[in-house]
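Asks: Sending over coords.tsv (TSV, C-alpha atoms).
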chain	number	residue	atom	x	y	z
A	1	MET	CA	17.65	5.89	-10.66
A	2	ASN	CA	17.79	3.95	-7.39
A	3	ALA	CA	15.73	4.54	-4.26
A	4	ASN	CA	18.49	6.50	-2.53
A	5	LYS	CA	18.60	9.05	-5.34
A	6	LEU	CA	14.87	9.61	-5.58
A	7	LYS	CA	13.94	13.25	-5.63
A	8	ASN	CA	11.49	14.58	-3.06
A	9	ARG	CA	8.06	14.35	-4.63
A	10	TRP	CA	6.80	17.34	-2.62
A	11	LEU	CA	9.58	19.46	-4.09
A	12	ILE	CA	8.53	18.18	-7.52
A	13	ALA	CA	5.05	19.49	-6.68
A	14	ALA	CA	6.55	22.82	-5.54
A	15	SER	CA	8.38	23.06	-8.87
A	16	ALA	CA	5.08	22.53	-10.67
A	17	VAL	CA	3.55	25.34	-8.61
A	18	GLY	CA	6.47	27.58	-9.61
A	19	ILE	CA	5.70	27.02	-13.30
A	20	HIS	CA	1.96	27.56	-12.90
A	21	ILE	CA	2.25	30.69	-10.75
A	22	SER	CA	4.39	32.25	-13.49
A	23	ILE	CA	2.19	31.44	-16.47
A	24	GLY	CA	-0.99	32.06	-14.45
A	25	SER	CA	-0.08	35.75	-14.40
A	26	VAL	CA	-1.98	35.88	-17.70
A	27	TYR	CA	-5.13	36.11	-15.55
A	28	ALA	CA	-3.89	39.53	-14.36
A	29	TYR	CA	-4.08	40.83	-17.92
A	30	SER	CA	-6.83	43.32	-17.05
A	31	VAL	CA	-4.30	45.20	-14.89
A	32	MET	CA	-2.18	45.99	-17.95
A	33	THR	CA	-5.05	46.82	-20.33
A	34	ASN	CA	-5.34	50.53	-19.47
A	35	PRO	CA	-1.59	51.31	-19.29
A	36	VAL	CA	-0.94	49.49	-22.59
A	37	LYS	CA	-3.91	51.00	-24.47
A	38	GLU	CA	-2.67	54.49	-23.57
A	39	ILE	CA	0.70	53.70	-25.13
A	40	PHE	CA	-0.88	52.49	-28.37
A	41	ASP	CA	-3.71	55.06	-28.22
A	42	VAL	CA	-6.41	52.48	-28.98
A	43	ASP	CA	-9.55	51.18	-27.28
A	44	GLY	CA	-9.18	48.59	-24.51
A	45	SER	CA	-11.04	46.00	-26.61
A	46	VAL	CA	-8.23	46.19	-29.18
A	47	ILE	CA	-5.62	45.45	-26.51
A	48	LYS	CA	-7.68	42.53	-25.17
A	49	TRP	CA	-7.09	40.70	-28.45
A	50	ALA	CA	-3.59	39.84	-27.26
A	51	PHE	CA	-5.16	38.02	-24.29
A	52	LYS	CA	-7.67	36.21	-26.53
A	53	ILE	CA	-4.88	35.11	-28.87
A	54	ALA	CA	-2.82	33.91	-25.89
A	55	ILE	CA	-5.69	31.75	-24.55
A	56	LEU	CA	-6.38	30.40	-28.04
A	57	LEU	CA	-2.71	29.46	-28.46
A	58	LEU	CA	-2.74	27.93	-24.97
A	59	GLY	CA	-5.43	25.48	-26.08
A	60	LEU	CA	-3.91	24.80	-29.49
A	61	SER	CA	-0.36	24.27	-28.24
A	62	ALA	CA	-1.60	22.04	-25.39
A	63	ALA	CA	-3.51	19.94	-27.91
A	64	PHE	CA	-0.90	19.71	-30.68
A	65	LEU	CA	2.27	19.61	-28.55
A	66	GLY	CA	0.97	17.24	-25.87
A	67	ARG	CA	2.59	14.19	-27.48
A	68	TRP	CA	5.89	16.05	-27.78
A	69	VAL	CA	5.72	16.94	-24.07
A	70	GLU	CA	5.26	13.26	-23.22
A	71	LYS	CA	8.12	12.25	-25.51
A	72	VAL	CA	10.80	14.67	-24.28
A	73	GLY	CA	9.81	14.79	-20.62
A	74	PRO	CA	9.02	17.64	-18.20
A	75	LYS	CA	12.53	19.06	-17.92
A	76	ILE	CA	12.85	19.86	-21.63
A	77	SER	CA	9.22	20.88	-22.14
A	78	GLY	CA	9.30	23.03	-18.97
A	79	THR	CA	12.48	24.73	-20.13
A	80	THR	CA	10.93	25.33	-23.55
A	81	ALA	CA	7.84	26.79	-21.88
A	82	GLY	CA	10.03	29.16	-19.87
A	83	ILE	CA	11.88	30.31	-22.98
A	84	PHE	CA	8.69	30.93	-24.97
A	85	TYR	CA	6.82	32.65	-22.15
A	86	GLY	CA	9.85	34.70	-21.15
A	87	ILE	CA	10.50	35.83	-24.74
A	88	GLY	CA	6.80	36.60	-25.12
A	89	ILE	CA	6.76	38.94	-22.11
A	90	LEU	CA	10.15	40.50	-22.85
A	91	GLY	CA	9.13	40.97	-26.49
A	92	SER	CA	5.92	42.64	-25.32
A	93	GLY	CA	8.09	45.22	-23.55
A	94	LEU	CA	9.97	45.84	-26.80
A	95	ALA	CA	6.66	46.12	-28.67
A	96	VAL	CA	5.46	48.75	-26.20
A	97	GLN	CA	8.76	50.62	-26.49
A	98	LEU	CA	8.53	50.56	-30.30
A	99	GLU	CA	4.76	51.22	-30.17
A	100	SER	CA	4.13	48.26	-32.50
A	101	LEU	CA	0.71	46.70	-31.88
A	102	ILE	CA	1.36	43.84	-34.33
A	103	LEU	CA	4.57	42.96	-32.49
A	104	PHE	CA	2.62	43.05	-29.19
A	105	TYR	CA	0.07	40.57	-30.57
A	106	LEU	CA	2.86	38.35	-31.86
A	107	CYS	CA	4.90	38.37	-28.65
A	108	TYR	CA	2.24	38.32	-25.95
A	109	GLY	CA	-0.42	36.42	-27.91
A	110	VAL	CA	1.40	33.92	-30.11
A	111	ILE	CA	4.82	33.35	-28.51
A	112	GLY	CA	3.60	33.83	-24.94
A	113	GLY	CA	0.51	31.71	-25.68
A	114	ILE	CA	2.65	28.77	-26.81
A	115	GLY	CA	4.61	29.09	-23.56
A	116	LEU	CA	1.31	29.08	-21.66
A	117	GLY	CA	0.12	25.85	-23.26
A	118	LEU	CA	3.43	24.04	-22.76
A	119	GLY	CA	3.76	25.29	-19.18
A	120	TYR	CA	0.20	24.32	-18.29
A	121	ILE	CA	0.42	20.66	-19.32
A	122	THR	CA	4.12	20.02	-18.52
A	123	PRO	CA	3.78	19.23	-14.78
A	124	VAL	CA	0.47	17.37	-14.96
A	125	SER	CA	1.35	13.83	-16.04
A	126	THR	CA	4.55	14.03	-13.99
A	127	LEU	CA	2.66	14.85	-10.79
A	128	VAL	CA	0.10	12.11	-11.41
A	129	LYS	CA	2.95	9.60	-11.68
A	130	TRP	CA	4.63	10.88	-8.49
A	131	PHE	CA	1.35	10.90	-6.53
A	132	PRO	CA	-0.68	7.81	-7.50
A	133	ASP	CA	-2.08	7.91	-3.94
A	134	ARG	CA	-3.02	11.61	-4.01
A	135	ARG	CA	-3.58	12.53	-7.63
A	136	GLY	CA	-6.20	15.16	-6.90
A	137	LEU	CA	-4.16	16.89	-4.20
A	138	ALA	CA	-0.97	16.99	-6.28
A	139	THR	CA	-2.47	18.32	-9.50
A	140	GLY	CA	-4.72	20.64	-7.50
A	141	MET	CA	-1.70	22.29	-5.87
A	142	ALA	CA	-0.13	23.10	-9.23
A	143	ILE	CA	-3.33	24.31	-10.88
A	144	MET	CA	-4.18	26.30	-7.74
A	145	GLY	CA	-1.00	28.24	-8.47
A	146	PHE	CA	-2.42	29.16	-11.86
A	147	GLY	CA	-5.62	30.41	-10.22
A	148	PHE	CA	-3.86	32.43	-7.51
A	149	ALA	CA	-1.23	34.00	-9.79
A	150	ALA	CA	-3.35	37.07	-10.57
A	151	LEU	CA	-3.59	37.87	-6.86
A	152	ILE	CA	0.19	37.74	-6.58
A	153	PHE	CA	1.29	39.41	-9.79
A	154	GLY	CA	-1.63	41.81	-10.27
A	155	PRO	CA	-0.51	44.21	-7.50
A	156	VAL	CA	3.14	43.73	-8.53
A	157	MET	CA	2.29	44.77	-12.11
A	158	GLN	CA	0.40	47.86	-10.99
A	159	SER	CA	3.20	48.91	-8.66
A	160	LEU	CA	5.80	48.49	-11.42
A	161	PHE	CA	3.67	50.38	-13.97
A	162	ASP	CA	3.49	53.30	-11.55
A	163	SER	CA	7.18	53.26	-10.64
A	164	VAL	CA	9.20	52.19	-13.72
A	165	GLY	CA	6.84	52.57	-16.69
A	166	VAL	CA	5.11	50.11	-19.00
A	167	SER	CA	7.95	48.73	-21.12
A	168	ASN	CA	10.30	48.34	-18.13
A	169	THR	CA	7.54	46.47	-16.29
A	170	PHE	CA	7.40	43.89	-19.06
A	171	TYR	CA	11.20	43.55	-19.02
A	172	ILE	CA	11.28	43.01	-15.24
A	173	LEU	CA	8.35	40.57	-15.24
A	174	GLY	CA	9.75	38.70	-18.23
A	175	ALA	CA	13.02	38.19	-16.37
A	176	ILE	CA	11.21	37.04	-13.20
A	177	TYR	CA	9.00	34.55	-15.05
A	178	THR	CA	11.91	33.16	-17.07
A	179	VAL	CA	14.08	32.56	-13.99
A	180	LEU	CA	11.20	31.04	-12.00
A	181	ILE	CA	10.06	28.67	-14.76
A	182	LEU	CA	13.58	27.61	-15.80
A	183	SER	CA	14.68	26.96	-12.21
A	184	SER	CA	11.49	24.96	-11.55
A	185	ALA	CA	12.01	22.97	-14.76
A	186	ARG	CA	15.54	22.02	-13.68
A	187	TYR	CA	14.21	20.07	-10.69
A	188	ILE	CA	11.08	18.50	-12.11
A	189	GLU	CA	11.43	15.03	-13.63
A	190	ARG	CA	9.52	11.77	-14.01
A	191	PRO	CA	9.65	9.15	-11.27
A	192	PRO	CA	11.14	5.69	-11.93
A	193	GLU	CA	9.02	3.27	-13.96
A	194	ASN	CA	6.17	1.75	-11.89
A	195	TYR	CA	6.98	4.05	-8.96
A	196	MET	CA	4.84	3.59	-5.86
A	197	PRO	CA	5.24	5.64	-2.67
A	198	ALA	CA	5.96	3.70	0.52
A	199	GLY	CA	2.86	2.11	2.00
A	200	TYR	CA	0.62	2.67	-1.02
A	201	ASN	CA	-1.22	-0.33	-2.41
A	202	PRO	CA	-3.37	0.47	-5.47
A	203	GLY	CA	-6.77	-1.11	-5.31
A	204	GLU	CA	-7.21	-0.59	-1.56
A	205	GLY	CA	-10.07	1.61	-0.38
A	206	LYS	CA	-13.27	2.63	-2.12
A	207	THR	CA	-12.04	5.44	-4.33
A	208	LEU	CA	-8.34	4.85	-4.84
A	209	LYS	CA	-8.31	2.14	-7.50
A	210	THR	CA	-6.17	0.95	-10.32
A	211	ASP	CA	-6.59	2.86	-13.59
A	212	MET	CA	-9.30	1.74	-15.99
A	213	ALA	CA	-6.74	1.55	-18.79
A	214	ASN	CA	-3.27	2.69	-19.77
A	215	ILE	CA	-3.63	3.84	-23.37
A	216	ASP	CA	-2.13	6.44	-25.69
A	217	ALA	CA	-3.76	9.61	-26.98
A	218	ASN	CA	-4.92	8.10	-30.29
A	219	ALA	CA	-6.60	5.21	-28.51
A	220	SER	CA	-8.32	7.60	-26.08
A	221	LEU	CA	-10.06	9.33	-29.01
A	222	LYS	CA	-11.77	6.02	-29.83
A	223	THR	CA	-13.41	5.76	-26.42
A	224	THR	CA	-16.80	7.10	-25.34
A	225	ARG	CA	-15.41	8.37	-22.06
A	226	PHE	CA	-13.13	10.88	-23.83
A	227	TYR	CA	-16.15	12.63	-25.33
A	228	TYR	CA	-18.08	12.42	-22.06
A	229	ILE	CA	-15.31	14.22	-20.17
A	230	TRP	CA	-14.84	16.76	-22.99
A	231	ILE	CA	-18.54	17.74	-22.86
A	232	MET	CA	-18.52	17.90	-19.05
A	233	ILE	CA	-15.48	20.19	-19.00
A	234	PHE	CA	-16.80	22.34	-21.84
A	235	ILE	CA	-20.10	23.03	-20.06
A	236	ASN	CA	-18.49	23.64	-16.66
A	237	ILE	CA	-16.03	26.14	-18.16
A	238	ALA	CA	-18.53	27.85	-20.50
A	239	CYS	CA	-20.99	28.51	-17.68
A	240	GLY	CA	-18.28	29.50	-15.19
A	241	ILE	CA	-16.53	31.91	-17.56
A	242	ALA	CA	-19.88	33.45	-18.50
A	243	ILE	CA	-20.69	34.31	-14.90
A	244	ILE	CA	-17.14	35.48	-14.15
A	245	SER	CA	-17.12	37.79	-17.18
A	246	ALA	CA	-20.47	39.30	-16.11
A	247	ALA	CA	-19.84	39.36	-12.35
A	248	SER	CA	-19.40	43.11	-11.91
A	249	PRO	CA	-22.57	44.25	-13.75
A	250	MET	CA	-24.49	41.39	-12.12
A	251	MET	CA	-23.50	42.63	-8.65
A	252	GLN	CA	-24.60	46.13	-9.57
A	253	GLU	CA	-27.92	44.92	-10.99
A	254	LYS	CA	-28.92	42.41	-8.32
A	255	LEU	CA	-27.39	43.87	-5.15
A	256	ASN	CA	-27.18	47.56	-6.11
A	257	TYR	CA	-23.42	47.56	-5.60
A	258	THR	CA	-21.32	50.50	-6.71
A	259	PRO	CA	-18.71	49.75	-9.39
A	260	MET	CA	-15.98	49.85	-6.70
A	261	GLU	CA	-17.87	47.40	-4.46
A	262	ALA	CA	-18.45	45.10	-7.45
A	263	ALA	CA	-14.73	45.27	-8.29
A	264	ALA	CA	-13.92	44.08	-4.76
A	265	ILE	CA	-16.20	41.05	-5.30
A	266	VAL	CA	-14.37	40.32	-8.57
A	267	GLY	CA	-11.14	40.19	-6.54
A	268	LEU	CA	-12.72	37.72	-4.11
A	269	ILE	CA	-13.81	35.61	-7.06
A	270	GLY	CA	-10.11	35.11	-7.82
A	271	VAL	CA	-9.56	33.89	-4.25
A	272	PHE	CA	-12.39	31.35	-4.40
A	273	ASN	CA	-11.29	30.25	-7.88
A	274	GLY	CA	-7.88	29.35	-6.44
A	275	LEU	CA	-9.24	27.79	-3.24
A	276	GLY	CA	-11.68	25.65	-5.21
A	277	ARG	CA	-8.84	24.17	-7.23
A	278	ILE	CA	-7.04	22.71	-4.23
A	279	MET	CA	-10.17	21.94	-2.18
A	280	TRP	CA	-12.22	20.01	-4.73
A	281	SER	CA	-9.28	18.20	-6.34
A	282	SER	CA	-8.19	16.99	-2.88
A	283	LEU	CA	-11.72	15.94	-1.95
A	284	SER	CA	-12.00	14.01	-5.22
A	285	ASP	CA	-9.37	11.59	-3.89
A	286	TYR	CA	-11.99	10.49	-1.34
A	287	LEU	CA	-15.34	11.25	-3.02
A	288	GLY	CA	-14.30	9.75	-6.32
A	289	ARG	CA	-13.76	11.80	-9.47
A	290	ALA	CA	-17.09	10.98	-11.17
A	291	ASN	CA	-19.01	11.71	-7.96
A	292	THR	CA	-17.26	15.09	-7.64
A	293	TYR	CA	-18.44	16.22	-11.07
A	294	ILE	CA	-21.96	14.94	-10.39
A	295	LEU	CA	-21.98	17.09	-7.25
A	296	PHE	CA	-20.74	20.09	-9.27
A	297	PHE	CA	-23.55	19.81	-11.78
A	298	VAL	CA	-26.39	19.13	-9.32
A	299	PHE	CA	-25.44	22.17	-7.25
A	300	GLN	CA	-24.97	24.44	-10.25
A	301	ILE	CA	-28.32	23.54	-11.82
A	302	LEU	CA	-29.95	24.85	-8.65
A	303	ALA	CA	-27.52	27.76	-8.27
A	304	PHE	CA	-27.98	29.17	-11.78
A	305	TYR	CA	-31.76	28.76	-11.51
A	306	LEU	CA	-31.98	30.46	-8.09
A	307	LEU	CA	-29.36	33.23	-8.33
A	308	PRO	CA	-31.55	35.71	-10.28
A	309	LYS	CA	-34.34	35.22	-7.73
A	310	ILE	CA	-32.21	35.91	-4.65
A	311	SER	CA	-32.04	39.44	-3.26
A	312	MET	CA	-30.48	38.62	0.13
A	313	GLU	CA	-26.84	39.67	-0.18
A	314	ILE	CA	-25.15	37.01	1.95
A	315	THR	CA	-27.10	34.14	0.34
A	316	PHE	CA	-26.36	35.44	-3.16
A	317	LEU	CA	-22.63	35.73	-2.44
A	318	ILE	CA	-22.38	32.29	-0.78
A	319	ILE	CA	-23.98	30.64	-3.81
A	320	LEU	CA	-21.89	32.68	-6.26
A	321	PHE	CA	-18.59	31.90	-4.51
A	322	THR	CA	-19.47	28.20	-4.28
A	323	VAL	CA	-20.10	28.16	-8.04
A	324	ILE	CA	-16.68	29.78	-8.55
A	325	THR	CA	-14.96	27.11	-6.41
A	326	MET	CA	-16.54	24.46	-8.64
A	327	TYR	CA	-15.37	26.28	-11.76
A	328	GLY	CA	-11.79	26.15	-10.49
A	329	GLY	CA	-12.27	22.66	-9.10
A	330	GLY	CA	-13.31	21.39	-12.53
A	331	PHE	CA	-9.91	22.41	-13.92
A	332	ALA	CA	-7.92	20.93	-11.06
A	333	THR	CA	-9.79	17.61	-10.80
A	334	LEU	CA	-9.50	16.99	-14.54
A	335	PRO	CA	-5.89	15.69	-14.73
A	336	ALA	CA	-6.48	13.17	-11.94
A	337	PHE	CA	-9.74	12.03	-13.57
A	338	LEU	CA	-7.96	11.57	-16.91
A	339	GLY	CA	-5.34	9.49	-15.14
A	340	ASP	CA	-8.08	7.28	-13.72
A	341	LEU	CA	-9.78	6.92	-17.10
A	342	PHE	CA	-6.79	6.55	-19.44
A	343	GLY	CA	-3.72	5.86	-17.30
A	344	THR	CA	-0.48	7.84	-17.39
A	345	LYS	CA	1.06	6.54	-20.64
A	346	GLN	CA	0.28	9.76	-22.57
A	347	LEU	CA	-1.62	11.76	-19.97
A	348	GLY	CA	-0.13	15.09	-21.00
A	349	ALA	CA	-1.22	14.59	-24.61
A	350	ILE	CA	-4.74	13.53	-23.60
A	351	HIS	CA	-5.01	16.46	-21.18
A	352	GLY	CA	-3.96	18.79	-23.98
A	353	MET	CA	-6.67	17.48	-26.30
A	354	VAL	CA	-9.36	17.93	-23.64
A	355	LEU	CA	-8.18	21.51	-23.05
A	356	THR	CA	-9.52	22.41	-26.50
A	357	ALA	CA	-12.81	22.56	-24.59
A	358	TRP	CA	-11.35	25.51	-22.63
A	359	GLY	CA	-10.54	27.52	-25.74
A	360	LEU	CA	-14.00	26.96	-27.24
A	361	ALA	CA	-15.86	27.49	-23.96
A	362	GLY	CA	-14.07	30.80	-23.41
A	363	VAL	CA	-15.75	32.12	-26.54
A	364	VAL	CA	-19.11	30.33	-26.35
A	365	GLY	CA	-19.97	30.98	-22.68
A	366	PRO	CA	-19.71	34.79	-22.59
A	367	THR	CA	-21.26	35.01	-26.08
A	368	ILE	CA	-24.36	33.05	-24.99
A	369	TYR	CA	-24.64	35.29	-21.93
A	370	ASP	CA	-24.42	38.51	-23.95
A	371	VAL	CA	-26.79	37.36	-26.71
A	372	VAL	CA	-29.51	36.07	-24.38
A	373	LYS	CA	-29.20	39.01	-21.96
A	374	ASN	CA	-29.41	41.56	-24.78
A	375	ALA	CA	-32.33	39.78	-26.42
A	376	THR	CA	-34.41	39.26	-23.28
A	377	GLY	CA	-33.11	41.86	-20.85
A	378	SER	CA	-33.68	39.22	-18.19
A	379	LEU	CA	-31.10	37.72	-15.86
A	380	ASP	CA	-33.63	34.98	-15.07
A	381	ALA	CA	-33.80	33.86	-18.71
A	382	THR	CA	-30.04	34.19	-19.20
A	383	LEU	CA	-28.98	32.09	-16.22
A	384	GLY	CA	-31.84	29.70	-16.96
A	385	VAL	CA	-30.10	28.81	-20.24
A	386	PHE	CA	-26.96	27.89	-18.30
A	387	ALA	CA	-28.99	25.87	-15.77
A	388	GLY	CA	-30.28	23.92	-18.78
A	389	LEU	CA	-26.74	23.30	-19.98
A	390	PHE	CA	-25.87	21.93	-16.53
A	391	VAL	CA	-28.79	19.48	-16.85
A	392	VAL	CA	-27.06	18.14	-19.98
A	393	ALA	CA	-23.74	17.98	-18.09
A	394	LEU	CA	-25.42	16.08	-15.22
A	395	ILE	CA	-26.85	13.49	-17.61
A	396	ILE	CA	-23.43	13.01	-19.20
A	397	SER	CA	-21.76	12.74	-15.79
A	398	LEU	CA	-24.25	10.04	-14.71
A	399	LEU	CA	-23.52	8.12	-17.93
A	400	MET	CA	-19.80	8.51	-17.12
A	401	LYS	CA	-20.40	7.16	-13.60
A	402	ARG	CA	-22.22	4.16	-15.04
A	403	LEU	CA	-19.40	3.56	-17.52
A	404	VAL	CA	-16.76	3.78	-14.75
A	405	LEU	CA	-18.61	1.35	-12.48
A	406	LYS	CA	-19.04	-1.12	-15.35
A	407	ALA	CA	-15.34	-0.87	-16.25
A	408	TYR	CA	-14.18	-1.46	-12.67
A	409	LYS	CA	-16.56	-4.37	-12.30
A	410	GLY	CA	-14.95	-5.92	-15.37
A	411	ILE	CA	-11.47	-5.33	-13.94
A	412	GLU	CA	-12.44	-6.99	-10.64
A	413	GLU	CA	-13.92	-10.00	-12.43
A	414	ARG	CA	-10.76	-10.44	-14.55
A	415	ASN	CA	-8.57	-10.17	-11.46
A	416	LEU	CA	-10.71	-12.77	-9.67
A	417	LYS	CA	-10.34	-15.20	-12.59
A	418	LEU	CA	-6.57	-14.70	-12.59
A	419	ALA	CA	-6.45	-15.38	-8.86
A	420	TYR	CA	-8.01	-18.79	-9.46
Take the structure in the file and give it back as structure tokens.

Replies:
Amino acid sequence: MNANKLKNRWLIAASAVGIHISIGSVYAYSVMTNPVKEIFDVDGSVIKWAFKIAILLLGLSAAFLGRWVEKVGPKISGTTAGIFYGIGILGSGLAVQLESLILFYLCYGVIGGIGLGLGYITPVSTLVKWFPDRRGLATGMAIMGFGFAALIFGPVMQSLFDSVGVSNTFYILGAIYTVLILSSARYIERPPENYMPAGYNPGEGKTLKTDMANIDANASLKTTRFYYIWIMIFINIACGIAIISAASPMMQEKLNYTPMEAAAIVGLIGVFNGLGRIMWSSLSDYLGRANTYILFFVFQILAFYLLPKISMEITFLIILFTVITMYGGGFATLPAFLGDLFGTKQLGAIHGMVLTAWGLAGVVGPTIYDVVKNATGSLDATLGVFAGLFVVALIISLLMKRLVLKAYKGIEERNLKLAY
């Protein structure tokens, strides 16, 4: 590939957004719970198992297929993601039509979940390679699409359920997702080896530096920093998911909201989740990735400790929405941070392994919340537990900062010796 045939890197980013907006529709699952449960004549909790299976398979497929994604490249893995996710949604329509709950679990949960995992990690290492100067911004744009997808497809789903029925809705959405992902995958590709955008000189500035290393996934597992980042992400997600899953009853308890008013706040949570992904990942290009996570944890220690004590509506909501931006920002800043820590050699595979924290946190966070809340009946005690977890995350993030500074100091000393 010569310079004249280079693809537009911003269109590469747009293609990544196309993939993530499609698979991110999984976050609108609550919209389909009631219509689907009526078809199968079961409780909503039974239908939610398809969502849980899908998220579990997202984490597992991201972890175990990450090396394959790196090997075959984004075009093939993106196409495969589109096929799996499309078949999963189309098959869900058939399952509804046949009234087969097992087939619904298989299609939406297993097949669709594999498509989710592949689609989530496919654009990441590619974007990091195209945007060495703006890693946070580029990956944040794509992962913002995942966060905003529920706002786009949620109303579309409800409108289709009302107008064409449940099974036909799955058929229509399956076709839309398949076309969008496959067309996005056709354009996305890796840049040339050692690609640098015009005018970018790695090493200039205070936060945009050369990578600490450029190692493969197996080698990353032998480093301390892999486990530091895994713990940081696990705690950020566990605490964030816990508060998101309990947002509606919390609004009703603390602010005396009606269920409808609380539902409106849940909708706004989706907005701030998406905004946080692009905002914090972009800021991390200037603040530094380690500093961004330190800021997350310092603020959230105070936020989780103070939230139960605040009765003033506007203050409560400002703190809550800021926490939600940091939840989304943790996801979006992660790929760029991994690029800094491990390089881009097998970034997709490393990202996939770290995403196992997501699958585990999705179970642990809400479970801790429910157990402590039921045992104590106190929101103070419940959120206090999460504030304590953030203290652990802060300590780990400070150790990570120390490790990063030490590594870069070593790189600078080696470069100075080479210069002489």

Asks: Return the single residue from A:Ile269, A:Leu160, A:Met144, A:Ala290 that is closest to Lys401 in chain A, with distances computed using only C-alpha atoms.

Replies: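 Selected residue with least distance to Lys401 in chain A: A:Ala290.
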
Asks: Can you measure CA of Asp162 in chain A to CA of Asn34 in chain A for me? One decimal in Å is fine.

Replies: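 Pair CA of Asp162 in chain A / CA of Asn34 in chain A returns 12.2 Å.
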
Asks: May I ask which of the residues A:Leu56, A:Ala198, A:Ile368, A:Ala16 is the closest one to Ile181 in chain A, counting only C-alpha atoms?

Replies: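 Among A:Leu56, A:Ala198, A:Ile368, A:Ala16, it is A:Ala16 that comes nearest to Ile181 in chain A.
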
Asks: Can you pull out every residue within 12 Å of Ile244 in chain A, counting all atoms listed in the file, but drop anything in the same chain fewer than 2 positions away, and send it as a PDB file with C-alpha atoms, in the frame of the given file?

Replies:
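Written output follows (around21.pdb):
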ATOM      1  CA  ILE A 237     -16.030  26.140 -18.160  1.00  0.00           C
ATOM      2  CA  ALA A 238     -18.530  27.850 -20.500  1.00  0.00           C
ATOM      3  CA  CYS A 239     -20.990  28.510 -17.680  1.00  0.00           C
ATOM      4  CA  GLY A 240     -18.280  29.500 -15.190  1.00  0.00           C
ATOM      5  CA  ILE A 241     -16.530  31.910 -17.560  1.00  0.00           C
ATOM      6  CA  ALA A 242     -19.880  33.450 -18.500  1.00  0.00           C
ATOM      7  CA  ALA A 246     -20.470  39.300 -16.110  1.00  0.00           C
ATOM      8  CA  ALA A 247     -19.840  39.360 -12.350  1.00  0.00           C
ATOM      9  CA  SER A 248     -19.400  43.110 -11.910  1.00  0.00           C
ATOM     10  CA  PRO A 249     -22.570  44.250 -13.750  1.00  0.00           C
ATOM     11  CA  MET A 250     -24.490  41.390 -12.120  1.00  0.00           C
ATOM     12  CA  MET A 251     -23.500  42.630  -8.650  1.00  0.00           C
ATOM     13  CA  ALA A 262     -18.450  45.100  -7.450  1.00  0.00           C
ATOM     14  CA  ALA A 263     -14.730  45.270  -8.290  1.00  0.00           C
ATOM     15  CA  ILE A 265     -16.200  41.050  -5.300  1.00  0.00           C
ATOM     16  CA  VAL A 266     -14.370  40.320  -8.570  1.00  0.00           C
ATOM     17  CA  GLY A 267     -11.140  40.190  -6.540  1.00  0.00           C
ATOM     18  CA  LEU A 268     -12.720  37.720  -4.110  1.00  0.00           C
ATOM     19  CA  ILE A 269     -13.810  35.610  -7.060  1.00  0.00           C
ATOM     20  CA  GLY A 270     -10.110  35.110  -7.820  1.00  0.00           C
ATOM     21  CA  PHE A 272     -12.390  31.350  -4.400  1.00  0.00           C
ATOM     22  CA  ASN A 273     -11.290  30.250  -7.880  1.00  0.00           C
ATOM     23  CA  LEU A 320     -21.890  32.680  -6.260  1.00  0.00           C
ATOM     24  CA  PHE A 321     -18.590  31.900  -4.510  1.00  0.00           C
ATOM     25  CA  VAL A 323     -20.100  28.160  -8.040  1.00  0.00           C
ATOM     26  CA  ILE A 324     -16.680  29.780  -8.550  1.00  0.00           C
ATOM     27  CA  THR A 325     -14.960  27.110  -6.410  1.00  0.00           C
ATOM     28  CA  TYR A 327     -15.370  26.280 -11.760  1.00  0.00           C
ATOM     29  CA  GLY A 328     -11.790  26.150 -10.490  1.00  0.00           C
ATOM     30  CA  GLY A 362     -14.070  30.800 -23.410  1.00  0.00           C
ATOM     31  CA  GLY A 365     -19.970  30.980 -22.680  1.00  0.00           C
ATOM     32  CA  PRO A 366     -19.710  34.790 -22.590  1.00  0.00           C
ATOM     33  CA  TYR A 369     -24.640  35.290 -21.930  1.00  0.00           C
TER      34      TYR A 369
END

Asks: Please identify all polymer residues within 10 Å of Gly359 in chain A, counting all atoms listed in the file, omitting same-chain residues fewer than 5 positions from it, and present them as a list of chain:residue names.

Replies: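 Non-adjacent residues within range: A:Lys52, A:Ile53, A:Ile55, A:Leu56, A:Leu57, A:Leu58, A:Gly59, A:Leu60, A:Phe234, A:Ile237, A:Ala238, A:Val354, A:Val364.
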